[in-house]
file model-v5.pdb (PDB, C-alpha atoms and all ligand atoms)
ATOM      1  CA  MET R   1       5.721  28.800  33.253
ATOM      2  CA  SER R   2       5.187  25.875  35.553
ATOM      3  CA  ASP R   3       3.896  23.465  32.928
ATOM      4  CA  ALA R   4       6.493  24.265  30.270
ATOM      5  CA  ILE R   5       8.118  21.027  29.137
ATOM      6  CA  ARG R   6      11.429  20.647  27.378
ATOM      7  CA  ILE R   7      11.566  18.843  24.055
ATOM      8  CA  ASP R   8      14.033  16.211  25.303
ATOM      9  CA  ALA R   9      11.922  15.368  28.353
ATOM     10  CA  LEU R  10       8.767  15.138  26.263
ATOM     11  CA  LEU R  11      10.455  12.874  23.719
ATOM     12  CA  LYS R  12      11.835  10.608  26.396
ATOM     13  CA  ALA R  13       8.469  10.140  28.078
ATOM     14  CA  ALA R  14       6.686   9.674  24.753
ATOM     15  CA  THR R  15       9.240   7.128  23.531
ATOM     16  CA  ASN R  16       8.601   5.038  26.641
ATOM     17  CA  ARG R  17       4.847   5.193  26.134
ATOM     18  CA  LEU R  18       5.208   4.164  22.477
ATOM     19  CA  GLU R  19       7.337   1.139  23.304
ATOM     20  CA  SER R  20       4.403  -1.302  23.216
ATOM     21  CA  ALA R  21       2.668   0.179  20.142
ATOM     22  CA  SER R  22       5.574   0.789  17.784
ATOM     23  CA  ASP R  23       8.701  -0.864  16.418
ATOM     24  CA  SER R  24      10.299   2.579  16.151
ATOM     25  CA  PRO R  25       9.143   4.468  19.260
ATOM     26  CA  ARG R  26      11.828   7.172  19.266
ATOM     27  CA  LEU R  27      11.420   7.920  15.567
ATOM     28  CA  ASP R  28       7.631   8.068  15.885
ATOM     29  CA  ALA R  29       7.896  10.398  18.879
ATOM     30  CA  GLU R  30      10.223  12.724  16.959
ATOM     31  CA  LEU R  31       7.996  12.746  13.897
ATOM     32  CA  LEU R  32       4.841  13.408  15.933
ATOM     33  CA  LEU R  33       6.518  16.217  17.853
ATOM     34  CA  ALA R  34       7.862  17.751  14.652
ATOM     35  CA  ARG R  35       4.295  17.743  13.298
ATOM     36  CA  ALA R  36       2.926  19.308  16.488
ATOM     37  CA  ILE R  37       5.298  22.271  16.158
ATOM     38  CA  ASP R  38       5.208  22.306  12.350
ATOM     39  CA  MET R  39       8.962  21.910  12.008
ATOM     40  CA  PRO R  40      11.171  19.329  10.281
ATOM     41  CA  ARG R  41      12.316  16.367  12.359
ATOM     42  CA  SER R  42      15.867  17.699  12.409
ATOM     43  CA  TYR R  43      14.617  20.677  14.443
ATOM     44  CA  VAL R  44      13.527  18.579  17.414
ATOM     45  CA  PHE R  45      16.935  17.067  18.060
ATOM     46  CA  ALA R  46      18.786  20.300  17.389
ATOM     47  CA  HIS R  47      16.604  22.034  20.011
ATOM     48  CA  ALA R  48      16.443  19.434  22.793
ATOM     49  CA  ASP R  49      16.398  22.062  25.542
ATOM     50  CA  GLU R  50      13.671  24.224  24.040
ATOM     51  CA  GLU R  51      10.521  24.589  26.111
ATOM     52  CA  LEU R  52       7.205  24.030  24.397
ATOM     53  CA  ASP R  53       4.017  25.963  24.935
ATOM     54  CA  GLU R  54       0.906  24.269  26.190
ATOM     55  CA  GLN R  55      -0.867  24.207  22.830
ATOM     56  CA  ALA R  56       2.058  22.419  21.195
ATOM     57  CA  VAL R  57       2.127  19.861  23.999
ATOM     58  CA  GLN R  58      -1.608  19.317  23.627
ATOM     59  CA  ARG R  59      -1.327  18.839  19.861
ATOM     60  CA  PHE R  60       1.494  16.386  20.447
ATOM     61  CA  ASN R  61      -0.400  14.447  23.123
ATOM     62  CA  ALA R  62      -3.441  14.123  20.872
ATOM     63  CA  THR R  63      -1.511  12.429  18.065
ATOM     64  CA  LEU R  64       0.585  10.455  20.551
ATOM     65  CA  ALA R  65      -2.605   8.955  21.996
ATOM     66  CA  ARG R  66      -3.722   7.883  18.491
ATOM     67  CA  ARG R  67      -0.370   6.230  17.843
ATOM     68  CA  ILE R  68      -0.392   4.469  21.224
ATOM     69  CA  ALA R  69      -3.871   3.171  20.373
ATOM     70  CA  GLY R  70      -2.331   1.496  17.330
ATOM     71  CA  GLU R  71      -3.121   3.896  14.499
ATOM     72  CA  PRO R  72      -0.436   3.763  11.770
ATOM     73  CA  MET R  73       1.823   6.820  11.470
ATOM     74  CA  ALA R  74       0.646   7.130   7.865
ATOM     75  CA  TYR R  75      -2.963   7.777   8.929
ATOM     76  CA  ILE R  76      -1.875  10.370  11.474
ATOM     77  CA  SER R  77       0.297  12.223   8.973
ATOM     78  CA  GLY R  78      -2.055  11.469   6.052
ATOM     79  CA  GLU R  79       0.824  10.396   3.867
ATOM     80  CA  LYS R  80       3.220   7.570   3.090
ATOM     81  CA  GLU R  81       6.242   7.353   0.829
ATOM     82  CA  PHE R  82       6.163   4.601  -1.767
ATOM     83  CA  TRP R  83       8.487   4.190  -4.757
ATOM     84  CA  SER R  84       9.901   7.652  -3.962
ATOM     85  CA  MET R  85       6.438   9.191  -4.284
ATOM     86  CA  GLN R  86       4.817  11.041  -1.392
ATOM     87  CA  LEU R  87       1.317   9.554  -1.433
ATOM     88  CA  MET R  88      -1.776  10.713   0.351
ATOM     89  CA  VAL R  89      -3.452   7.902   2.315
ATOM     90  CA  SER R  90      -6.596   7.664   4.434
ATOM     91  CA  PRO R  91      -8.381   4.992   6.470
ATOM     92  CA  ALA R  92     -10.161   4.125   3.188
ATOM     93  CA  THR R  93      -6.850   2.915   1.749
ATOM     94  CA  LEU R  94      -4.335   0.333   2.851
ATOM     95  CA  VAL R  95      -1.022   1.908   3.847
ATOM     96  CA  PRO R  96       1.407   1.003   1.030
ATOM     97  CA  ARG R  97       4.052  -1.474   2.233
ATOM     98  CA  PRO R  98       7.727  -1.504   1.199
ATOM     99  CA  ASP R  99       7.302  -5.189   0.257
ATOM    100  CA  THR R 100       4.898  -4.177  -2.489
ATOM    101  CA  GLU R 101       7.711  -2.361  -4.305
ATOM    102  CA  ILE R 102       8.758  -5.803  -5.574
ATOM    103  CA  LEU R 103       5.440  -5.997  -7.421
ATOM    104  CA  VAL R 104       6.169  -2.624  -9.028
ATOM    105  CA  GLU R 105       9.672  -3.782  -9.963
ATOM    106  CA  GLN R 106       8.286  -6.926 -11.606
ATOM    107  CA  ALA R 107       5.616  -4.898 -13.396
ATOM    108  CA  ILE R 108       7.859  -2.247 -14.926
ATOM    109  CA  ALA R 109      10.286  -4.943 -16.080
ATOM    110  CA  ARG R 110       7.414  -6.187 -18.268
ATOM    111  CA  VAL R 111       6.198  -2.853 -19.639
ATOM    112  CA  SER R 112       7.976  -1.466 -22.679
ATOM    113  CA  ARG R 113       9.640   1.956 -22.541
ATOM    114  CA  ARG R 114       8.935   2.403 -26.253
ATOM    115  CA  ALA R 115       5.479   0.981 -26.939
ATOM    116  CA  ALA R 116       2.047   1.924 -25.646
ATOM    117  CA  MET R 117       1.068  -1.000 -23.444
ATOM    118  CA  SER R 118      -2.130  -1.246 -21.444
ATOM    119  CA  VAL R 119      -1.882  -2.065 -17.748
ATOM    120  CA  LEU R 120      -4.641  -2.903 -15.267
ATOM    121  CA  ASP R 121      -4.266  -2.545 -11.466
ATOM    122  CA  LEU R 122      -7.019  -4.246  -9.469
ATOM    123  CA  GLY R 123      -7.876  -2.843  -6.032
ATOM    124  CA  THR R 124      -5.640   0.186  -6.389
ATOM    125  CA  GLY R 125      -6.348   1.767  -2.979
ATOM    126  CA  SER R 126      -4.190   4.902  -2.732
ATOM    127  CA  GLY R 127      -3.050   4.216  -6.309
ATOM    128  CA  ALA R 128       0.486   3.333  -5.187
ATOM    129  CA  ILE R 129       1.200   0.505  -7.647
ATOM    130  CA  ALA R 130      -0.660   2.013 -10.592
ATOM    131  CA  LEU R 131       0.964   5.433 -10.175
ATOM    132  CA  ALA R 132       4.457   3.962  -9.861
ATOM    133  CA  ILE R 133       3.999   2.005 -13.113
ATOM    134  CA  ALA R 134       2.441   4.959 -14.939
ATOM    135  CA  ARG R 135       5.284   7.222 -13.822
ATOM    136  CA  GLU R 136       8.047   4.773 -14.742
ATOM    137  CA  ARG R 137       6.488   4.005 -18.141
ATOM    138  CA  PRO R 138       4.995   7.227 -19.539
ATOM    139  CA  LEU R 139       4.009   5.593 -22.844
ATOM    140  CA  SER R 140       1.878   3.011 -21.078
ATOM    141  CA  PHE R 141      -1.702   3.617 -20.066
ATOM    142  CA  VAL R 142      -2.789   2.339 -16.664
ATOM    143  CA  THR R 143      -6.372   1.576 -15.669
ATOM    144  CA  ALA R 144      -6.826   1.310 -11.912
ATOM    145  CA  THR R 145      -9.963  -0.080 -10.288
ATOM    146  CA  ASP R 146     -11.258  -0.166  -6.751
ATOM    147  CA  ILE R 147     -14.572  -0.997  -5.127
ATOM    148  CA  SER R 148     -14.216   1.966  -2.765
ATOM    149  CA  ALA R 149     -15.130   5.435  -4.017
ATOM    150  CA  ASP R 150     -13.354   6.926  -1.013
ATOM    151  CA  ALA R 151     -10.131   5.115  -1.912
ATOM    152  CA  LEU R 152     -10.405   6.204  -5.543
ATOM    153  CA  ALA R 153     -10.853   9.831  -4.471
ATOM    154  CA  ILE R 154      -7.483   9.582  -2.715
ATOM    155  CA  ALA R 155      -5.885   7.870  -5.722
ATOM    156  CA  VAL R 156      -7.184  10.589  -8.076
ATOM    157  CA  GLN R 157      -5.714  13.278  -5.821
ATOM    158  CA  ASN R 158      -2.387  11.444  -5.774
ATOM    159  CA  ALA R 159      -2.335  11.316  -9.584
ATOM    160  CA  ARG R 160      -3.056  15.049  -9.740
ATOM    161  CA  GLN R 161      -0.495  15.911  -7.102
ATOM    162  CA  LEU R 162       2.187  13.896  -8.898
ATOM    163  CA  ASP R 163       1.082  15.202 -12.298
ATOM    164  CA  ILE R 164       0.610  11.694 -13.695
ATOM    165  CA  ALA R 165      -1.848  11.723 -16.595
ATOM    166  CA  ASN R 166      -1.448   8.320 -18.305
ATOM    167  CA  ILE R 167      -3.837   6.741 -15.839
ATOM    168  CA  GLU R 168      -7.587   6.359 -15.301
ATOM    169  CA  PHE R 169      -9.539   5.286 -12.240
ATOM    170  CA  VAL R 170     -12.746   3.274 -12.420
ATOM    171  CA  GLN R 171     -14.962   2.089  -9.619
ATOM    172  CA  GLY R 172     -16.264  -1.450  -9.325
ATOM    173  CA  THR R 173     -15.688  -4.970  -8.075
ATOM    174  CA  TRP R 174     -12.440  -6.456  -9.372
ATOM    175  CA  LEU R 175     -12.719  -6.865 -13.156
ATOM    176  CA  GLU R 176     -16.393  -5.953 -13.474
ATOM    177  CA  PRO R 177     -15.735  -2.338 -14.604
ATOM    178  CA  VAL R 178     -13.323  -3.389 -17.386
ATOM    179  CA  ALA R 179     -15.353  -6.216 -18.963
ATOM    180  CA  GLY R 180     -14.771  -6.522 -22.704
ATOM    181  CA  ARG R 181     -11.423  -4.700 -22.660
ATOM    182  CA  ARG R 182      -7.875  -6.066 -23.189
ATOM    183  CA  PHE R 183      -4.730  -5.513 -21.113
ATOM    184  CA  ASP R 184      -1.117  -6.472 -21.724
ATOM    185  CA  LEU R 185      -0.349  -6.618 -18.017
ATOM    186  CA  ILE R 186      -2.617  -7.097 -15.005
ATOM    187  CA  VAL R 187      -1.312  -6.457 -11.488
ATOM    188  CA  SER R 188      -2.916  -6.643  -8.078
ATOM    189  CA  ASN R 189      -2.146  -6.528  -4.388
ATOM    190  CA  PRO R 190      -5.482  -8.031  -3.331
ATOM    191  CA  PRO R 191      -6.537  -8.864   0.214
ATOM    192  CA  TYR R 192      -4.893 -12.177   1.082
ATOM    193  CA  ILE R 193      -5.010 -12.634   4.853
ATOM    194  CA  ALA R 194      -7.068 -15.538   6.238
ATOM    195  CA  GLU R 195     -10.027 -14.355   8.303
ATOM    196  CA  ASP R 196      -8.782 -16.056  11.501
ATOM    197  CA  ASP R 197      -5.138 -14.919  11.149
ATOM    198  CA  PRO R 198      -3.899 -13.569  14.515
ATOM    199  CA  ALA R 199      -1.845 -10.956  12.606
ATOM    200  CA  LEU R 200      -5.128  -9.104  12.014
ATOM    201  CA  ALA R 201      -5.143  -8.027  15.659
ATOM    202  CA  ALA R 202      -2.410  -5.519  14.793
ATOM    203  CA  LEU R 203      -4.164  -4.249  11.644
ATOM    204  CA  THR R 204      -7.405  -2.891  13.074
ATOM    205  CA  CYS R 205      -7.161   0.582  11.503
ATOM    206  CA  GLU R 206      -6.889  -0.445   7.876
ATOM    207  CA  PRO R 207      -9.925  -1.437   5.780
ATOM    208  CA  ARG R 208     -10.734  -5.093   6.423
ATOM    209  CA  SER R 209     -11.832  -5.439   2.810
ATOM    210  CA  ALA R 210      -8.266  -4.626   1.724
ATOM    211  CA  LEU R 211      -6.742  -7.251   4.030
ATOM    212  CA  VAL R 212      -9.013 -10.257   4.550
ATOM    213  CA  SER R 213     -10.139 -12.735   1.929
ATOM    214  CA  GLY R 214     -12.104 -15.693   3.255
ATOM    215  CA  PRO R 215     -11.085 -18.713   5.336
ATOM    216  CA  ASP R 216      -7.699 -19.254   3.643
ATOM    217  CA  GLY R 217      -7.080 -15.706   2.428
ATOM    218  CA  LEU R 218      -7.304 -16.813  -1.184
ATOM    219  CA  ASP R 219     -10.923 -16.080  -2.158
ATOM    220  CA  ASP R 220     -10.076 -12.940  -4.119
ATOM    221  CA  ILE R 221      -6.982 -14.448  -5.736
ATOM    222  CA  ARG R 222      -9.157 -17.364  -6.966
ATOM    223  CA  LEU R 223     -11.662 -14.893  -8.370
ATOM    224  CA  ILE R 224      -9.007 -12.750 -10.070
ATOM    225  CA  ALA R 225      -7.144 -15.758 -11.490
ATOM    226  CA  THR R 226     -10.270 -16.792 -13.388
ATOM    227  CA  ALA R 227     -11.710 -13.403 -14.294
ATOM    228  CA  ALA R 228      -8.383 -11.921 -15.457
ATOM    229  CA  LEU R 229      -8.204 -14.491 -18.260
ATOM    230  CA  GLU R 230     -11.205 -12.765 -19.861
ATOM    231  CA  VAL R 231      -9.367  -9.459 -20.294
ATOM    232  CA  ILE R 232      -5.712 -10.454 -20.652
ATOM    233  CA  ALA R 233      -4.116 -10.016 -24.071
ATOM    234  CA  GLU R 234      -2.448 -12.939 -25.778
ATOM    235  CA  ASP R 235       0.954 -13.456 -24.130
ATOM    236  CA  GLY R 236      -0.130 -10.983 -21.444
ATOM    237  CA  VAL R 237       1.106 -11.361 -17.877
ATOM    238  CA  LEU R 238      -0.654 -11.428 -14.506
ATOM    239  CA  LEU R 239       1.267 -10.394 -11.361
ATOM    240  CA  LEU R 240      -0.227 -11.040  -7.937
ATOM    241  CA  GLU R 241       1.070 -10.184  -4.498
ATOM    242  CA  HIS R 242       0.264 -12.792  -1.851
ATOM    243  CA  GLY R 243       1.277 -14.036   1.593
ATOM    244  CA  PHE R 244       4.704 -15.602   2.006
ATOM    245  CA  GLU R 245       3.161 -18.999   2.773
ATOM    246  CA  GLN R 246       0.744 -18.905  -0.150
ATOM    247  CA  ALA R 247       3.134 -19.332  -3.113
ATOM    248  CA  GLU R 248       2.288 -22.993  -3.714
ATOM    249  CA  ALA R 249      -1.447 -22.518  -3.311
ATOM    250  CA  VAL R 250      -1.394 -19.510  -5.648
ATOM    251  CA  ALA R 251       0.639 -21.454  -8.244
ATOM    252  CA  LYS R 252      -1.972 -24.221  -8.149
ATOM    253  CA  ILE R 253      -4.841 -21.747  -8.521
ATOM    254  CA  LEU R 254      -3.169 -20.066 -11.499
ATOM    255  CA  GLN R 255      -2.338 -23.336 -13.253
ATOM    256  CA  LEU R 256      -5.826 -24.758 -12.720
ATOM    257  CA  ALA R 257      -7.364 -21.579 -14.100
ATOM    258  CA  GLY R 258      -5.325 -22.043 -17.301
ATOM    259  CA  TRP R 259      -2.313 -19.752 -16.861
ATOM    260  CA  SER R 260       1.173 -20.826 -17.989
ATOM    261  CA  ASP R 261       4.755 -20.045 -16.906
ATOM    262  CA  VAL R 262       3.891 -19.601 -13.224
ATOM    263  CA  HIS R 263       6.790 -18.205 -11.165
ATOM    264  CA  CYS R 264       7.193 -16.671  -7.732
ATOM    265  CA  VAL R 265       9.680 -13.969  -6.692
ATOM    266  CA  LYS R 266      10.778 -12.974  -3.205
ATOM    267  CA  ASP R 267      10.272  -9.665  -1.443
ATOM    268  CA  LEU R 268      12.863  -7.430   0.238
ATOM    269  CA  SER R 269      12.802  -9.688   3.308
ATOM    270  CA  GLY R 270      13.573 -12.746   1.161
ATOM    271  CA  LEU R 271      10.035 -14.163   1.410
ATOM    272  CA  PRO R 272       7.974 -15.460  -1.549
ATOM    273  CA  ARG R 273       5.649 -12.549  -2.291
ATOM    274  CA  VAL R 274       4.733 -12.038  -5.963
ATOM    275  CA  SER R 275       3.630 -14.682  -8.457
ATOM    276  CA  SER R 276       3.569 -14.178 -12.198
ATOM    277  CA  ALA R 277       1.736 -16.088 -14.895
ATOM    278  CA  ARG R 278       1.377 -15.763 -18.651
ATOM    279  CA  ARG R 279      -1.550 -16.396 -20.918
ATOM    280  CA  ARG R 280      -0.468 -18.705 -23.698
ATOM    281  CA  THR R 281      -2.772 -19.699 -26.515
TER
HETATM  282  N1  LIG P 301       1.070  -7.368   3.344
HETATM  283  C1  LIG P 301      -0.010  -6.891   4.150
HETATM  284  C2  LIG P 301       0.198  -7.289   5.597
HETATM  285  O1  LIG P 301       0.482  -8.413   5.874
HETATM  286  C3  LIG P 301      -1.322  -7.425   3.666
HETATM  287  C4  LIG P 301      -1.750  -6.734   2.455
HETATM  288  C5  LIG P 301      -2.794  -7.456   1.725
HETATM  289  O2  LIG P 301      -3.581  -8.257   2.264
HETATM  290  N2  LIG P 301      -2.840  -7.225   0.471
HETATM  291  O3  LIG P 301       0.091  -6.445   6.448
END

call {"tool": "encode", "arguments": {"input": "model-v5.pdb", "output": "structure tokens"}}
result
Amino acid sequence: MSDAIRIDALLKAATNRLESASDSPRLDAELLLARAIDMPRSYVFAHADEELDEQAVQRFNATLARRIAGEPMAYISGEKEFWSMQLMVSPATLVPRPDTEILVEQAIARVSRRAAMSVLDLGTGSGAIALAIARERPLSFVTATDISADALAIAVQNARQLDIANIEFVQGTWLEPVAGRRFDLIVSNPPYIAEDDPALAALTCEPRSALVSGPDGLDDIRLIATAALEVIAEDGVLLLEHGFEQAEAVAKILQLAGWSDVHCVKDLSGLPRVSSARRRT
């Protein structure tokens, strides 16, 4: 057939076209091609000389165009691995970042293996943080909130898929749906990017409400720092992810709000990323 194209030629051309859109053009090309022919990635490099039919090439070109236009791989595949869990994601949810695993690490270090502690995750999105904590600490009970019903629908499906039952999902703005309750640990990866940050140009596919938080990126952190005090147990801890240049500002916000023992820990790239605070009475 005249328009039959070999896998290696297709991958080479696609890798070149992905150069400007991706940090891992070859890998993305392999993964997209594997999807188009419904085979594992290992198949595409073991069969470099195989010729593809036109339908497969068309399927591949369709997803390639989305990737070149800047759509994250996770939205094209509909999934993203986080904390060794295969999570479903959608454009209603932020794509979980490896850097957020440090927040999970800090959280589980504070949740007992032997006692039933209550944990609150604010703005859960795909449920990544909440599900990781619930899975690592089966005796705990995690309440996860989000303003987006579409995001929560994804999170609920993730919980079902992973068979995690010590978790509930409630819809509402930040702490509004849990008023009057008490939690031993509160965690959040809120939006924290400043509205004029040039980095936003590369994040056009993800929900703006999950990324941007006012002129300095700290509007939601200010809100949470105050509101979380209403539902935190005595000696309870708050853990917040934030931008690597925001550690000092976040520390100030937490201290002014009345939190004690404010500390910041670094992420996998060595950048300040998660601040903790305790409620002392
Ligand atoms: N860490 C994300 C980024 O910079 C932002 C996530 C967030 O605002 N919570 O892409």

call {"tool": "resolve_selection", "arguments": {"input": "model-v5.pdb", "expression": "the PyMOL selection byres (((chain R and resi 45) around 12) and not hetatm)", "output": "ChimeraX atom specification"}}
result
/R:6-12,26-27,29-31,33-34,39-44,46-50

call {"tool": "closest_residue", "arguments": {"input": "model-v5.pdb", "among": "R:Ala179, R:Ala210, R:Ala107, R:Ala116", "to": "Leu238 (chain R)", "atoms": "all atoms listed in the file"}}
result
R:Ala107

call {"tool": "closest_residue", "arguments": {"input": "model-v5.pdb", "among": "R:Ala14, R:Leu122, R:Ile193, R:Cys205", "to": "ligand LIG 301 (chain P)", "atoms": "all atoms listed in the file"}}
result
R:Ile193

call {"tool": "residues_around", "arguments": {"input": "model-v5.pdb", "residues": "Ala233 (chain R)", "least_positions_apart": "6", "cutoff": "6 Å", "atoms": "all atoms listed in the file", "output": "ChimeraX atom specification"}}
result
/R:182-184

call {"tool": "residues_near_point", "arguments": {"input": "model-v5.pdb", "point": "(3.9, -3.5, 1.9)", "cutoff": "12 Å", "atoms": "only C-alpha atoms", "output": "list in words"}}
result
Lys80, Glu81, Phe82, Trp83, Leu94, Val95, Pro96, Arg97, Pro98, Asp99, Thr100, Glu101, Ile102, Leu103, Val104, Ala128, Ile129, Asn189, Pro190, Pro191, Leu211, Glu241, His242, Gly243, Asp267, Leu268, Ser269, Arg273 and Val274 of chain R

call {"tool": "residues_around", "arguments": {"input": "model-v5.pdb", "residues": "Asp220 (chain R)", "least_positions_apart": "3", "cutoff": "10 Å", "atoms": "only C-alpha atoms", "output": "number ranges by chain"}}
result
R: 174, 190-192, 212-214, 217, 223-225

call {"tool": "axis_aligned_box", "arguments": {"input": "model-v5.pdb", "around": "region 52-71 of chain R", "padding_each_side": "3 Å", "output": "lines of an AutoDock Vina configuration file"}}
result
center_x = 1.7
center_y = 13.7
center_z = 20.3
size_x = 17.1
size_y = 30.5
size_z = 17.7

call {"tool": "closest_residue", "arguments": {"input": "model-v5.pdb", "among": "R:Ala56, R:Ile186, R:Val89, R:Ala199", "to": "ligand LIG 301 (chain P)", "atoms": "all atoms listed in the file"}}
result
R:Ala199

call {"tool": "build_atoms", "arguments": {"input": "model-v5.pdb", "residues": "region 32-46 of chain R", "atoms": "N, CA and C atoms", "output": "mmCIF file, keeping the file's coordinate frame"}}
result
data_model
loop_
_atom_site.group_PDB
_atom_site.id
_atom_site.type_symbol
_atom_site.label_atom_id
_atom_site.label_comp_id
_atom_site.auth_asym_id
_atom_site.auth_seq_id
_atom_site.Cartn_x
_atom_site.Cartn_y
_atom_site.Cartn_z
ATOM 1 N N LEU R 32 6.095 12.833 15.414
ATOM 2 C CA LEU R 32 4.841 13.408 15.933
ATOM 3 C C LEU R 32 5.090 14.780 16.554
ATOM 4 N N LEU R 33 6.211 14.921 17.245
ATOM 5 C CA LEU R 33 6.518 16.217 17.853
ATOM 6 C C LEU R 33 6.820 17.257 16.773
ATOM 7 N N ALA R 34 7.562 16.839 15.758
ATOM 8 C CA ALA R 34 7.862 17.751 14.652
ATOM 9 C C ALA R 34 6.564 18.254 14.013
ATOM 10 N N ARG R 35 5.593 17.347 13.848
ATOM 11 C CA ARG R 35 4.295 17.743 13.298
ATOM 12 C C ARG R 35 3.592 18.742 14.206
ATOM 13 N N ALA R 36 3.657 18.461 15.529
ATOM 14 C CA ALA R 36 2.926 19.308 16.488
ATOM 15 C C ALA R 36 3.453 20.739 16.493
ATOM 16 N N ILE R 37 4.735 20.911 16.176
ATOM 17 C CA ILE R 37 5.298 22.271 16.158
ATOM 18 C C ILE R 37 5.564 22.744 14.730
ATOM 19 N N ASP R 38 5.105 21.938 13.762
ATOM 20 C CA ASP R 38 5.208 22.306 12.350
ATOM 21 C C ASP R 38 6.647 22.627 11.939
ATOM 22 N N MET R 39 7.549 21.758 12.338
ATOM 23 C CA MET R 39 8.962 21.910 12.008
ATOM 24 C C MET R 39 9.477 20.591 11.460
ATOM 25 N N PRO R 40 10.598 20.604 10.732
ATOM 26 C CA PRO R 40 11.171 19.329 10.281
ATOM 27 C C PRO R 40 11.711 18.525 11.466
ATOM 28 N N ARG R 41 11.861 17.234 11.278
ATOM 29 C CA ARG R 41 12.316 16.367 12.359
ATOM 30 C C ARG R 41 13.682 16.800 12.891
ATOM 31 N N SER R 42 14.518 17.292 11.996
ATOM 32 C CA SER R 42 15.867 17.699 12.409
ATOM 33 C C SER R 42 15.804 18.789 13.498
ATOM 34 N N TYR R 43 14.740 19.589 13.466
ATOM 35 C CA TYR R 43 14.617 20.677 14.443
ATOM 36 C C TYR R 43 14.530 20.142 15.871
ATOM 37 N N VAL R 44 13.782 19.024 16.034
ATOM 38 C CA VAL R 44 13.527 18.579 17.414
ATOM 39 C C VAL R 44 14.789 18.058 18.091
ATOM 40 N N PHE R 45 15.728 17.458 17.339
ATOM 41 C CA PHE R 45 16.935 17.067 18.060
ATOM 42 C C PHE R 45 17.997 18.138 18.102
ATOM 43 N N ALA R 46 17.850 19.170 17.286
ATOM 44 C CA ALA R 46 18.786 20.300 17.389
ATOM 45 C C ALA R 46 18.352 21.277 18.491
#
